[in-house]
>>> print(open('upload-v7.tsv').read())   # TSV, C-alpha atoms
chain	number	residue	atom	x	y	z
A	93	MET	CA	20.43	-19.09	-4.82
A	94	ALA	CA	21.79	-17.96	-1.45
A	95	LYS	CA	21.59	-14.20	-1.05
A	96	THR	CA	23.29	-11.98	1.51
A	97	LEU	CA	22.38	-8.55	2.81
A	98	LEU	CA	25.52	-6.88	4.17
A	99	ILE	CA	24.58	-4.13	6.63
A	100	ASP	CA	27.38	-1.71	7.50
A	101	VAL	CA	26.84	-0.63	11.13
A	102	GLN	CA	30.41	0.53	11.76
A	103	ALA	CA	29.40	4.12	12.58
A	104	ILE	CA	27.11	3.10	15.46
A	105	HIS	CA	28.00	3.50	19.13
A	106	ALA	CA	26.04	3.27	22.38
A	107	HIS	CA	24.89	6.92	22.36
A	108	SER	CA	24.12	7.20	18.65
A	109	ALA	CA	20.51	8.14	19.53
A	110	GLY	CA	18.41	8.25	16.37
A	111	ALA	CA	20.97	6.37	14.29
A	112	LEU	CA	21.00	3.46	16.73
A	113	THR	CA	17.20	3.47	16.88
A	114	TYR	CA	17.06	3.33	13.09
A	115	VAL	CA	19.48	0.44	12.69
A	116	ARG	CA	18.01	-1.55	15.58
A	117	GLY	CA	14.49	-0.94	14.28
A	118	MET	CA	15.32	-2.06	10.75
A	119	LEU	CA	17.13	-5.16	12.02
A	120	ASP	CA	14.17	-6.04	14.20
A	121	GLY	CA	11.82	-5.49	11.27
A	122	LEU	CA	13.94	-7.76	9.06
A	123	SER	CA	13.83	-10.45	11.74
A	124	HIS	CA	10.00	-10.42	11.59
A	125	VAL	CA	9.60	-10.34	7.81
A	126	GLU	CA	9.83	-13.48	5.69
A	127	HIS	CA	12.74	-13.34	3.26
A	128	ASP	CA	15.57	-15.45	1.82
A	129	TYR	CA	18.51	-13.23	2.76
A	130	ARG	CA	21.33	-14.01	5.14
A	131	ILE	CA	21.77	-10.89	7.28
A	132	VAL	CA	25.43	-10.10	7.89
A	133	LEU	CA	26.62	-7.15	9.97
A	134	VAL	CA	29.74	-5.32	8.82
A	135	CYS	CA	31.52	-3.73	11.78
A	136	HIS	CA	34.18	-3.95	14.45
A	137	GLN	CA	33.56	-6.76	16.97
A	138	ASP	CA	33.36	-4.30	19.87
A	139	ILE	CA	29.90	-2.99	18.94
A	140	LEU	CA	28.14	-6.32	18.41
A	141	ASP	CA	26.64	-6.22	21.90
A	142	LEU	CA	24.45	-3.29	20.75
A	143	PHE	CA	22.40	-5.67	18.59
A	144	PRO	CA	20.38	-8.72	19.71
A	145	ARG	CA	21.92	-11.92	18.37
A	146	HIS	CA	18.70	-13.15	16.76
A	147	VAL	CA	18.51	-10.24	14.27
A	148	TYR	CA	21.57	-11.25	12.22
A	149	SER	CA	23.05	-14.45	10.82
A	150	GLY	CA	26.73	-13.57	10.60
A	151	VAL	CA	29.40	-10.91	10.99
A	152	LEU	CA	31.97	-9.55	8.57
A	153	ALA	CA	34.41	-8.29	11.17
A	154	ILE	CA	36.66	-5.38	10.21
A	155	PRO	CA	39.69	-5.21	12.57
A	156	VAL	CA	39.85	-1.41	12.71
A	157	ARG	CA	37.37	1.17	13.96
A	158	SER	CA	36.22	4.24	12.04
A	159	ARG	CA	36.30	7.06	14.58
A	160	ALA	CA	39.37	9.14	13.70
A	161	LEU	CA	40.24	10.14	10.14
A	162	PHE	CA	43.16	7.69	9.77
A	163	GLN	CA	41.06	4.86	11.21
A	164	ARG	CA	38.27	5.71	8.79
A	165	MET	CA	40.67	5.45	5.87
A	166	LEU	CA	41.95	2.06	7.06
A	167	TYR	CA	38.39	0.87	7.63
A	168	SER	CA	37.44	1.84	4.09
A	169	VAL	CA	40.35	-0.10	2.62
A	170	TRP	CA	39.59	-3.21	4.68
A	171	LEU	CA	35.89	-2.94	3.93
A	172	HIS	CA	36.32	-2.85	0.18
A	173	ARG	CA	38.92	-5.62	0.06
A	174	ARG	CA	36.96	-8.00	2.29
A	175	ILE	CA	33.67	-7.56	0.44
A	176	GLU	CA	35.26	-7.84	-3.02
A	177	LYS	CA	37.11	-10.99	-1.94
A	178	GLU	CA	34.39	-12.81	0.01
A	179	TYR	CA	31.39	-11.91	-2.16
A	180	SER	CA	32.96	-12.12	-5.60
A	181	ASP	CA	30.05	-14.25	-6.86
A	182	GLY	CA	27.91	-11.12	-6.68
A	183	ASP	CA	25.00	-12.64	-4.76
A	184	ALA	CA	25.01	-9.93	-2.10
A	185	ILE	CA	23.65	-6.46	-1.51
A	186	TYR	CA	25.63	-3.91	0.51
A	187	TRP	CA	23.44	-1.53	2.53
A	188	ALA	CA	24.86	1.55	4.26
A	189	PRO	CA	22.05	2.66	6.62
A	190	LEU	CA	23.99	5.79	7.66
A	191	ASN	CA	25.69	6.67	4.33
A	192	MET	CA	29.05	5.84	5.92
A	193	GLY	CA	31.71	3.47	4.65
A	194	VAL	CA	30.80	3.74	0.95
A	195	VAL	CA	34.09	4.76	-0.64
A	196	SER	CA	33.88	3.27	-4.14
A	197	ARG	CA	31.68	1.08	-6.26
A	198	PHE	CA	31.91	-2.65	-5.74
A	199	SER	CA	32.58	-4.52	-8.96
A	200	ARG	CA	30.14	-7.39	-8.40
A	201	ILE	CA	27.50	-6.35	-5.90
A	202	LYS	CA	24.86	-3.64	-5.71
A	203	THR	CA	24.82	-0.85	-3.13
A	204	VAL	CA	21.88	0.68	-1.24
A	205	VAL	CA	22.33	3.76	0.93
A	206	THR	CA	19.98	5.56	3.30
A	207	ILE	CA	20.11	9.36	3.31
A	208	HIS	CA	18.75	10.92	6.49
A	209	ASP	CA	19.23	14.63	5.89
A	210	PHE	CA	21.26	17.32	4.16
A	211	LEU	CA	21.98	19.42	7.23
A	212	ALA	CA	25.66	19.89	6.34
A	213	PHE	CA	24.63	21.37	2.99
A	214	GLN	CA	21.59	23.46	3.93
A	215	TYR	CA	22.51	24.60	7.46
A	216	PRO	CA	26.30	24.07	7.62
A	217	GLU	CA	26.58	26.23	10.76
A	218	CYS	CA	24.69	23.47	12.61
A	219	VAL	CA	27.51	20.99	12.00
A	220	GLY	CA	30.89	21.38	13.68
A	221	TRP	CA	33.52	22.73	11.32
A	222	ARG	CA	35.71	19.67	11.84
A	223	ARG	CA	32.92	17.24	10.91
A	224	ARG	CA	31.30	19.34	8.19
A	225	PRO	CA	33.58	18.40	5.23
A	226	PHE	CA	33.40	14.69	6.14
A	227	ARG	CA	29.60	14.80	6.40
A	228	ARG	CA	29.35	16.45	3.00
A	229	ARG	CA	31.91	14.16	1.40
A	230	GLY	CA	30.22	11.11	2.87
A	231	VAL	CA	26.84	12.04	1.42
A	232	VAL	CA	28.27	12.88	-2.01
A	233	ARG	CA	30.26	9.64	-2.14
A	234	ALA	CA	27.28	7.56	-0.98
A	235	ILE	CA	25.01	9.04	-3.64
A	236	LYS	CA	27.64	8.54	-6.33
A	237	CYS	CA	28.21	4.87	-5.45
A	238	ALA	CA	24.59	3.92	-4.77
A	239	ASP	CA	22.47	1.84	-7.09
A	240	ALA	CA	19.44	2.64	-4.93
A	241	ILE	CA	18.81	5.43	-2.42
A	242	VAL	CA	16.44	5.32	0.54
A	243	CYS	CA	15.19	8.65	1.93
A	244	ILE	CA	13.48	8.68	5.33
A	245	SER	CA	10.86	11.30	4.41
A	246	ASP	CA	9.35	12.89	1.32
A	247	PHE	CA	11.06	16.11	2.41
A	248	THR	CA	14.51	14.47	2.30
A	249	LYS	CA	13.65	12.92	-1.06
A	250	GLN	CA	12.70	16.34	-2.45
A	251	GLN	CA	15.95	17.84	-1.17
A	252	LEU	CA	17.89	15.01	-2.82
A	253	TYR	CA	16.38	15.91	-6.19
A	254	LEU	CA	17.02	19.62	-5.63
A	255	LEU	CA	20.66	19.22	-4.60
A	256	PHE	CA	21.76	16.24	-6.72
A	257	LYS	CA	19.42	16.16	-9.71
A	258	ASP	CA	22.16	15.30	-12.20
A	259	GLY	CA	23.81	12.77	-9.88
A	260	ILE	CA	20.85	10.42	-9.38
A	261	THR	CA	19.98	9.63	-12.98
A	262	ASN	CA	19.13	5.92	-13.39
A	263	LYS	CA	19.22	5.37	-9.62
A	264	LYS	CA	16.22	3.97	-7.78
A	265	VAL	CA	15.04	6.47	-5.13
A	266	CYS	CA	12.44	5.48	-2.53
A	267	ARG	CA	10.94	6.99	0.59
A	268	ILE	CA	10.71	4.66	3.58
A	269	TYR	CA	9.34	6.05	6.84
A	270	LEU	CA	10.89	5.10	10.16
A	271	GLY	CA	9.18	3.26	12.98
A	272	GLY	CA	10.02	4.24	16.55
A	273	LYS	CA	11.23	2.83	19.82
A	274	ASP	CA	8.93	0.13	21.15
A	275	ILE	CA	9.76	-0.40	24.82
A	276	SER	CA	7.96	-3.42	26.24
A	277	LEU	CA	5.97	-2.79	29.41
A	278	ASP	CA	8.12	-5.20	31.40
A	279	ARG	CA	11.22	-3.11	30.55
A	280	GLU	CA	9.73	0.29	31.34
A	281	ARG	CA	10.67	2.06	34.54
A	282	ALA	CA	9.84	5.49	35.89
A	283	HIS	CA	12.43	8.24	35.67
A	284	PRO	CA	13.51	9.34	39.18
A	285	ILE	CA	12.58	12.98	38.55
A	286	LEU	CA	8.90	12.02	38.40
A	287	GLN	CA	9.04	11.45	42.17
A	288	GLU	CA	9.15	15.24	42.56
A	289	GLY	CA	5.60	15.43	41.20
A	290	GLU	CA	6.11	18.58	39.13
A	291	SER	CA	4.25	19.54	35.97
A	292	PHE	CA	6.59	19.89	33.02
A	293	LEU	CA	7.11	20.33	29.31
A	294	LEU	CA	9.52	17.88	27.69
A	295	PHE	CA	12.10	18.15	24.93
A	296	VAL	CA	14.10	15.12	23.71
A	297	GLY	CA	16.86	15.36	21.14
A	298	VAL	CA	20.57	15.34	20.43
A	299	GLY	CA	22.08	17.70	17.91
A	300	GLY	CA	23.19	21.20	17.14
A	301	LYS	CA	21.71	24.60	16.54
A	302	ASN	CA	18.91	23.25	14.38
A	303	LYS	CA	17.22	21.93	17.54
A	304	ASN	CA	16.43	25.59	18.29
A	305	LEU	CA	16.75	25.29	22.07
A	306	PRO	CA	17.39	28.99	22.88
A	307	PHE	CA	14.19	29.74	20.96
A	308	LEU	CA	12.37	27.08	23.01
A	309	VAL	CA	13.60	28.64	26.26
A	310	ALA	CA	12.35	32.05	25.10
A	311	CYS	CA	8.94	30.58	24.25
A	312	PHE	CA	8.84	28.82	27.62
A	313	ASP	CA	9.51	32.14	29.33
A	314	ARG	CA	6.64	33.76	27.41
A	315	LEU	CA	4.39	30.83	28.33
A	316	ARG	CA	5.13	31.46	31.98
A	317	ARG	CA	4.64	35.24	31.77
A	318	GLU	CA	1.71	35.52	29.36
A	319	TYR	CA	-0.21	32.32	30.07
A	320	ALA	CA	0.78	31.75	33.72
A	321	TYR	CA	2.22	28.30	33.09
A	322	LEU	CA	3.60	26.98	36.39
A	323	GLY	CA	5.47	23.86	35.27
A	324	LYS	CA	9.11	23.25	34.44
A	325	LEU	CA	10.92	22.55	31.16
A	326	TYR	CA	12.90	19.30	31.09
A	327	ILE	CA	15.52	18.91	28.35
A	328	VAL	CA	16.68	15.36	27.59
A	329	GLY	CA	19.67	14.48	25.46
A	330	GLN	CA	21.83	17.60	25.69
A	331	SER	CA	25.29	17.31	27.20
A	332	GLY	CA	25.03	20.57	29.08
A	333	GLN	CA	27.77	22.14	26.92
A	334	ASP	CA	25.43	24.07	24.61
A	335	LYS	CA	26.65	27.61	25.33
A	336	ASP	CA	23.74	29.28	23.55
A	337	LEU	CA	21.26	27.30	25.63
A	338	ILE	CA	23.06	28.04	28.90
A	339	ARG	CA	23.21	31.74	28.00
A	340	ALA	CA	19.48	31.83	27.17
A	341	ILE	CA	18.59	30.20	30.48
A	342	GLY	CA	20.80	32.64	32.38
A	343	ASP	CA	19.62	35.76	30.55
A	344	LEU	CA	15.99	34.94	31.35
A	345	ARG	CA	16.81	33.83	34.91
A	346	LEU	CA	15.23	30.43	34.42
A	347	GLU	CA	17.87	28.34	36.20
A	348	GLN	CA	15.25	27.06	38.66
A	349	HIS	CA	12.71	26.30	35.95
A	350	VAL	CA	14.70	24.66	33.12
A	351	ARG	CA	16.39	21.38	33.97
A	352	GLN	CA	18.78	19.49	31.71
A	353	LEU	CA	18.43	15.76	32.39
A	354	GLY	CA	21.23	14.68	30.03
A	355	PHE	CA	21.16	11.15	28.65
A	356	VAL	CA	18.06	9.17	29.64
A	357	ASP	CA	17.85	5.42	29.20
A	358	ASP	CA	15.28	4.17	26.68
A	359	ALA	CA	13.45	2.30	29.44
A	360	GLU	CA	12.75	5.59	31.27
A	361	LEU	CA	11.66	7.71	28.30
A	362	PRO	CA	8.07	6.38	28.08
A	363	SER	CA	7.39	7.50	31.65
A	364	LEU	CA	8.47	11.04	30.76
A	365	TYR	CA	6.41	11.08	27.56
A	366	ARG	CA	3.30	9.92	29.40
A	367	ALA	CA	3.72	12.31	32.33
A	368	CYS	CA	4.58	15.55	30.50
A	369	ASP	CA	2.02	18.30	29.96
A	370	ALA	CA	3.29	18.47	26.38
A	371	PHE	CA	6.21	17.36	24.28
A	372	VAL	CA	7.75	20.39	22.56
A	373	PHE	CA	9.97	20.10	19.50
A	374	PRO	CA	10.81	23.43	17.76
A	375	SER	CA	13.63	22.11	15.54
A	376	TYR	CA	13.81	23.99	12.27
A	377	TYR	CA	15.56	21.20	10.37
A	378	GLU	CA	15.01	17.44	10.65
A	379	GLY	CA	15.32	14.67	8.10
A	380	PHE	CA	12.42	12.90	9.82
A	381	GLY	CA	11.68	13.99	13.39
A	382	LEU	CA	11.77	10.72	15.34
A	383	PRO	CA	11.26	12.23	18.85
A	384	ALA	CA	7.87	13.68	17.81
A	385	LEU	CA	6.78	10.26	16.59
A	386	GLU	CA	7.99	8.52	19.73
A	387	ALA	CA	6.25	11.02	22.00
A	388	SER	CA	2.95	10.55	20.18
A	389	ARG	CA	3.28	6.76	20.39
A	390	TYR	CA	3.26	7.09	24.17
A	391	GLY	CA	0.24	9.38	24.27
A	392	ALA	CA	1.97	12.74	24.74
A	393	ARG	CA	0.45	15.96	23.51
A	394	VAL	CA	2.90	17.19	20.85
A	395	CYS	CA	3.74	20.74	19.79
A	396	ALA	CA	6.22	20.73	16.92
A	397	SER	CA	7.78	22.89	14.27
A	398	ASP	CA	6.14	23.05	10.86
A	399	ALA	CA	9.52	23.35	9.08
A	400	ALA	CA	11.38	20.81	6.93
A	401	SER	CA	10.25	17.19	7.44
A	402	LEU	CA	8.27	18.06	10.58
A	403	GLY	CA	5.71	19.78	8.38
A	404	GLU	CA	5.18	16.33	6.87
A	405	ILE	CA	5.59	14.03	9.88
A	406	ALA	CA	4.12	16.03	12.79
A	407	PRO	CA	0.55	16.27	11.42
A	408	LEU	CA	0.54	12.48	11.03
A	409	CYS	CA	1.37	12.36	14.77
A	410	ASN	CA	-1.64	14.55	15.67
A	411	ALA	CA	0.72	17.36	16.65
A	412	HIS	CA	0.03	21.07	16.94
A	413	CYS	CA	2.42	22.70	14.45
A	414	ALA	CA	3.80	26.24	14.44
A	415	ASN	CA	6.50	28.43	12.95
A	416	PRO	CA	9.87	27.70	14.68
A	417	PHE	CA	11.04	31.27	14.03
A	418	ASP	CA	8.02	33.10	15.51
A	419	GLU	CA	8.03	33.22	19.33
A	420	TYR	CA	4.46	34.49	19.59
A	421	GLU	CA	3.03	31.82	17.29
A	422	PHE	CA	4.98	28.93	18.81
A	423	THR	CA	4.19	30.02	22.39
A	424	GLN	CA	0.50	30.19	21.54
A	425	ALA	CA	0.70	26.70	20.02
A	426	MET	CA	2.40	25.44	23.20
A	427	HIS	CA	-0.42	26.93	25.30
A	428	GLU	CA	-3.08	25.33	23.10
A	429	THR	CA	-1.28	21.99	23.22
A	430	VAL	CA	-1.00	21.99	27.03
A	431	ASN	CA	-4.73	22.71	27.32
A	432	SER	CA	-5.88	20.23	24.68
A	433	ALA	CA	-7.30	16.78	25.37
A	434	ARG	CA	-4.65	14.11	25.75
A	435	PRO	CA	-4.67	11.99	22.56
A	436	PRO	CA	-4.66	8.19	22.50
A	437	GLU	CA	-1.33	6.50	21.92
A	438	LEU	CA	-0.54	6.70	18.21
A	439	GLU	CA	-0.86	3.50	16.19
A	440	ALA	CA	0.04	4.68	12.69
A	441	GLU	CA	0.48	1.82	10.23
A	442	CYS	CA	2.85	3.89	8.08
A	443	PHE	CA	5.34	4.18	10.98
A	444	ASN	CA	6.21	0.51	11.34
A	445	TRP	CA	9.59	-1.21	11.26
A	446	GLU	CA	8.20	-4.35	9.61
A	447	ASN	CA	6.75	-2.25	6.80
A	448	ALA	CA	10.07	-0.41	6.49
A	449	ALA	CA	12.01	-3.69	6.33
A	450	HIS	CA	9.61	-5.09	3.74
A	451	GLN	CA	10.11	-2.02	1.52
A	452	LEU	CA	13.90	-2.30	1.84
A	453	LEU	CA	13.74	-5.96	0.77
A	454	GLU	CA	11.66	-5.00	-2.26
A	455	ILE	CA	14.45	-2.62	-3.30
A	456	CYS	CA	17.07	-5.35	-2.81
A	457	ASN	CA	15.03	-7.86	-4.81
A	458	ALA	CA	14.63	-5.37	-7.67
A	459	LEU	CA	18.40	-4.82	-7.76
A	460	PHE	CA	19.01	-8.56	-7.91
A	461	VAL	CA	16.54	-8.95	-10.77
A	462	SER	CA	18.07	-6.11	-12.76
A	463	LYS	CA	21.59	-7.44	-12.19
A	464	HIS	CA	20.76	-10.98	-13.38
A	465	VAL	CA	18.77	-9.73	-16.35
A	466	ARG	CA	21.79	-7.71	-17.49
A	467	SER	CA	24.15	-10.64	-16.88
A	468	ARG	CA	22.04	-12.69	-19.33
A	469	GLY	CA	22.35	-9.92	-21.92
A	470	GLY	CA	18.78	-8.66	-21.55
A	471	THR	CA	17.44	-5.25	-20.54
A	472	SER	CA	16.01	-4.30	-17.20
>>> encode(input="upload-v7.tsv", output="structure tokens")
Amino acid sequence: MAKTLLIDVQAIHAHSAGALTYVRGMLDGLSHVEHDYRIVLVCHQDILDLFPRHVYSGVLAIPVRSRALFQRMLYSVWLHRRIEKEYSDGDAIYWAPLNMGVVSRFSRIKTVVTIHDFLAFQYPECVGWRRRPFRRRGVVRAIKCADAIVCISDFTKQQLYLLFKDGITNKKVCRIYLGGKDISLDRERAHPILQEGESFLLFVGVGGKNKNLPFLVACFDRLRREYAYLGKLYIVGQSGQDKDLIRAIGDLRLEQHVRQLGFVDDAELPSLYRACDAFVFPSYYEGFGLPALEASRYGARVCASDAASLGEIAPLCNAHCANPFDEYEFTQAMHETVNSARPPELEAECFNWENAAHQLLEICNALFVSKHVRSRGGTS
């Protein structure tokens, strides 16, 4: 029996950061794991160049994008019609890795969704007011339509049960950890700022208020004043439009000591991780905390928040953890991290894309078994 795994990547774009890392990592893992699925990407043709050709077998091209609201509605209609028409035999699994695109149950095929976080529910002020209702609606719809739900951390899984206890009855719920970016040595190149030869702390991340950057700047200022730290703070991934961050830098007169590097190519990130005095990550809400994992994989000393999923993930990355709401405690942890021995590059078996892909395939296989048992009139 030919089986198909339909992977909806329509929400991805070139600067999707963690989302792009996740989808690329899972596709790469699937390409290295033995299975009998045909991997088909569901998306607009324009984004296919983001994925290596060897990681998928075919494309279900949807002729509209999903950026604006009206486009998203059209995309949803096309998506449902095409899948219902072309996979009416039922020998397919639809997987939404970003809980986007799931608008209604398919009549013949099973649906798997990945839930990354519940930021829009638990810290709604961290999500723009325009995007907030769509984020919430997308999560609710995905959970309602899913036959199986993947959570990227035990923390996210716990929050799922707390927020949607009555809505996940009879659904399979699994935790599958992420891997991380693996940049081959022949692709790595040094970031130009390293030519200046300065000591520095490093932050990497894209997001909203939950990243806690004004707090980080305040802790950096205390580190300079109370512990005589002489290095800089480099911030990667922010657009420079974070008004709270700009205000914090200005109020503390740190314009010459905090530098926003903006977007940094994946090939240059390892050089920053390896050269920094410490990687600092005070986010108070993460579904996983991928930057902390990536930093540790390149041998950085890591000082991270102990809140939300980071309380689960950071200790596995040999990180120093501290309260992301207590300046004194976090500053002290930063000082201890900077002065600690540099750890070896992390090789944690639990953070592996092949393992993640294998666990996803086990979920898909279980859904196929249950579907065919029911179709024969048995019980699962």
>>> closest_residue(input="upload-v7.tsv", among="A:Leu190, A:Ala384, A:Ile268, A:Leu361", to="A:Gly403", atoms="all atoms listed in the file")
A:Ala384
>>> closest_residue(input="upload-v7.tsv", among="A:Ser199, A:Gln451, A:Ser397, A:Ser363", to="A:Val242", atoms="only C-alpha atoms")
A:Gln451
>>> residues_near_point(input="upload-v7.tsv", point="(18.3, 6.0, 2.8)", cutoff="10 Å", atoms="only C-alpha atoms", output="compact mmCIF listing (two decimals) with C-alpha atoms, keeping the file's coordinate frame")
# COMPACT_ATOMS: atom_id res chain seq x y z
CA TRP A 187 23.44 -1.53 2.53
CA ALA A 188 24.86 1.55 4.26
CA PRO A 189 22.05 2.66 6.62
CA LEU A 190 23.99 5.79 7.66
CA ASN A 191 25.69 6.67 4.33
CA VAL A 204 21.88 0.68 -1.24
CA VAL A 205 22.33 3.76 0.93
CA THR A 206 19.98 5.56 3.30
CA ILE A 207 20.11 9.36 3.31
CA HIS A 208 18.75 10.92 6.49
CA ASP A 209 19.23 14.63 5.89
CA ALA A 234 27.28 7.56 -0.98
CA ILE A 235 25.01 9.04 -3.64
CA ALA A 240 19.44 2.64 -4.93
CA ILE A 241 18.81 5.43 -2.42
CA VAL A 242 16.44 5.32 0.54
CA CYS A 243 15.19 8.65 1.93
CA ILE A 244 13.48 8.68 5.33
CA SER A 245 10.86 11.30 4.41
CA THR A 248 14.51 14.47 2.30
CA LYS A 249 13.65 12.92 -1.06
CA VAL A 265 15.04 6.47 -5.13
CA CYS A 266 12.44 5.48 -2.53
CA ARG A 267 10.94 6.99 0.59
CA ILE A 268 10.71 4.66 3.58
CA TYR A 269 9.34 6.05 6.84
CA LEU A 452 13.90 -2.30 1.84
>>> closest_residue(input="upload-v7.tsv", among="A:Arg223, A:Lys335, A:Val356, A:Pro155", to="A:Ile285", atoms="only C-alpha atoms")
A:Val356
>>> closest_residue(input="upload-v7.tsv", among="A:His146, A:Asp313, A:Thr113, A:Glu378", to="A:Leu344", atoms="all atoms listed in the file")
A:Asp313
>>> closest_residue(input="upload-v7.tsv", among="A:Cys135, A:Leu408, A:Leu346, A:Ala367", to="A:Gln102", atoms="all atoms listed in the file")
A:Cys135
>>> closest_residue(input="upload-v7.tsv", among="A:Ala387, A:Ala396, A:Val231, A:Leu254", to="A:Asn304", atoms="all atoms listed in the file")
A:Ala396
>>> residues_near_point(input="upload-v7.tsv", point="(2.5, 20.5, 22.4)", cutoff="9 Å", atoms="only C-alpha atoms", output="PyMOL selection string")
chain A and resi 293+369-373+392-396+411-413+425-430+432
>>> atom_distance(input="upload-v7.tsv", atom1="atom CA of A:Phe247", atom2="atom CA of A:Glu404")
7.4 Å
>>> residues_around(input="upload-v7.tsv", residues="A:Arg281", least_positions_apart="2", cutoff="12 Å", atoms="only C-alpha atoms", output="list of chain:residue names")
A:Ile275, A:Ser276, A:Leu277, A:Asp278, A:Arg279, A:His283, A:Pro284, A:Ile285, A:Leu286, A:Val356, A:Asp357, A:Asp358, A:Ala359, A:Glu360, A:Leu361, A:Pro362, A:Ser363, A:Leu364, A:Arg366
>>> residues_around(input="upload-v7.tsv", residues="A:Glu126", least_positions_apart="4", cutoff="12 Å", atoms="all atoms listed in the file", output="ChimeraX atom specification")
/A:121-122,130,446-447,449-450,453-454
>>> atom_distance(input="upload-v7.tsv", atom1="atom CA of A:Lys236", atom2="atom CA of A:Glu176")
18.4 Å
>>> atom_distance(input="upload-v7.tsv", atom1="atom CA of A:Cys409", atom2="atom CA of A:His107")
25.3 Å
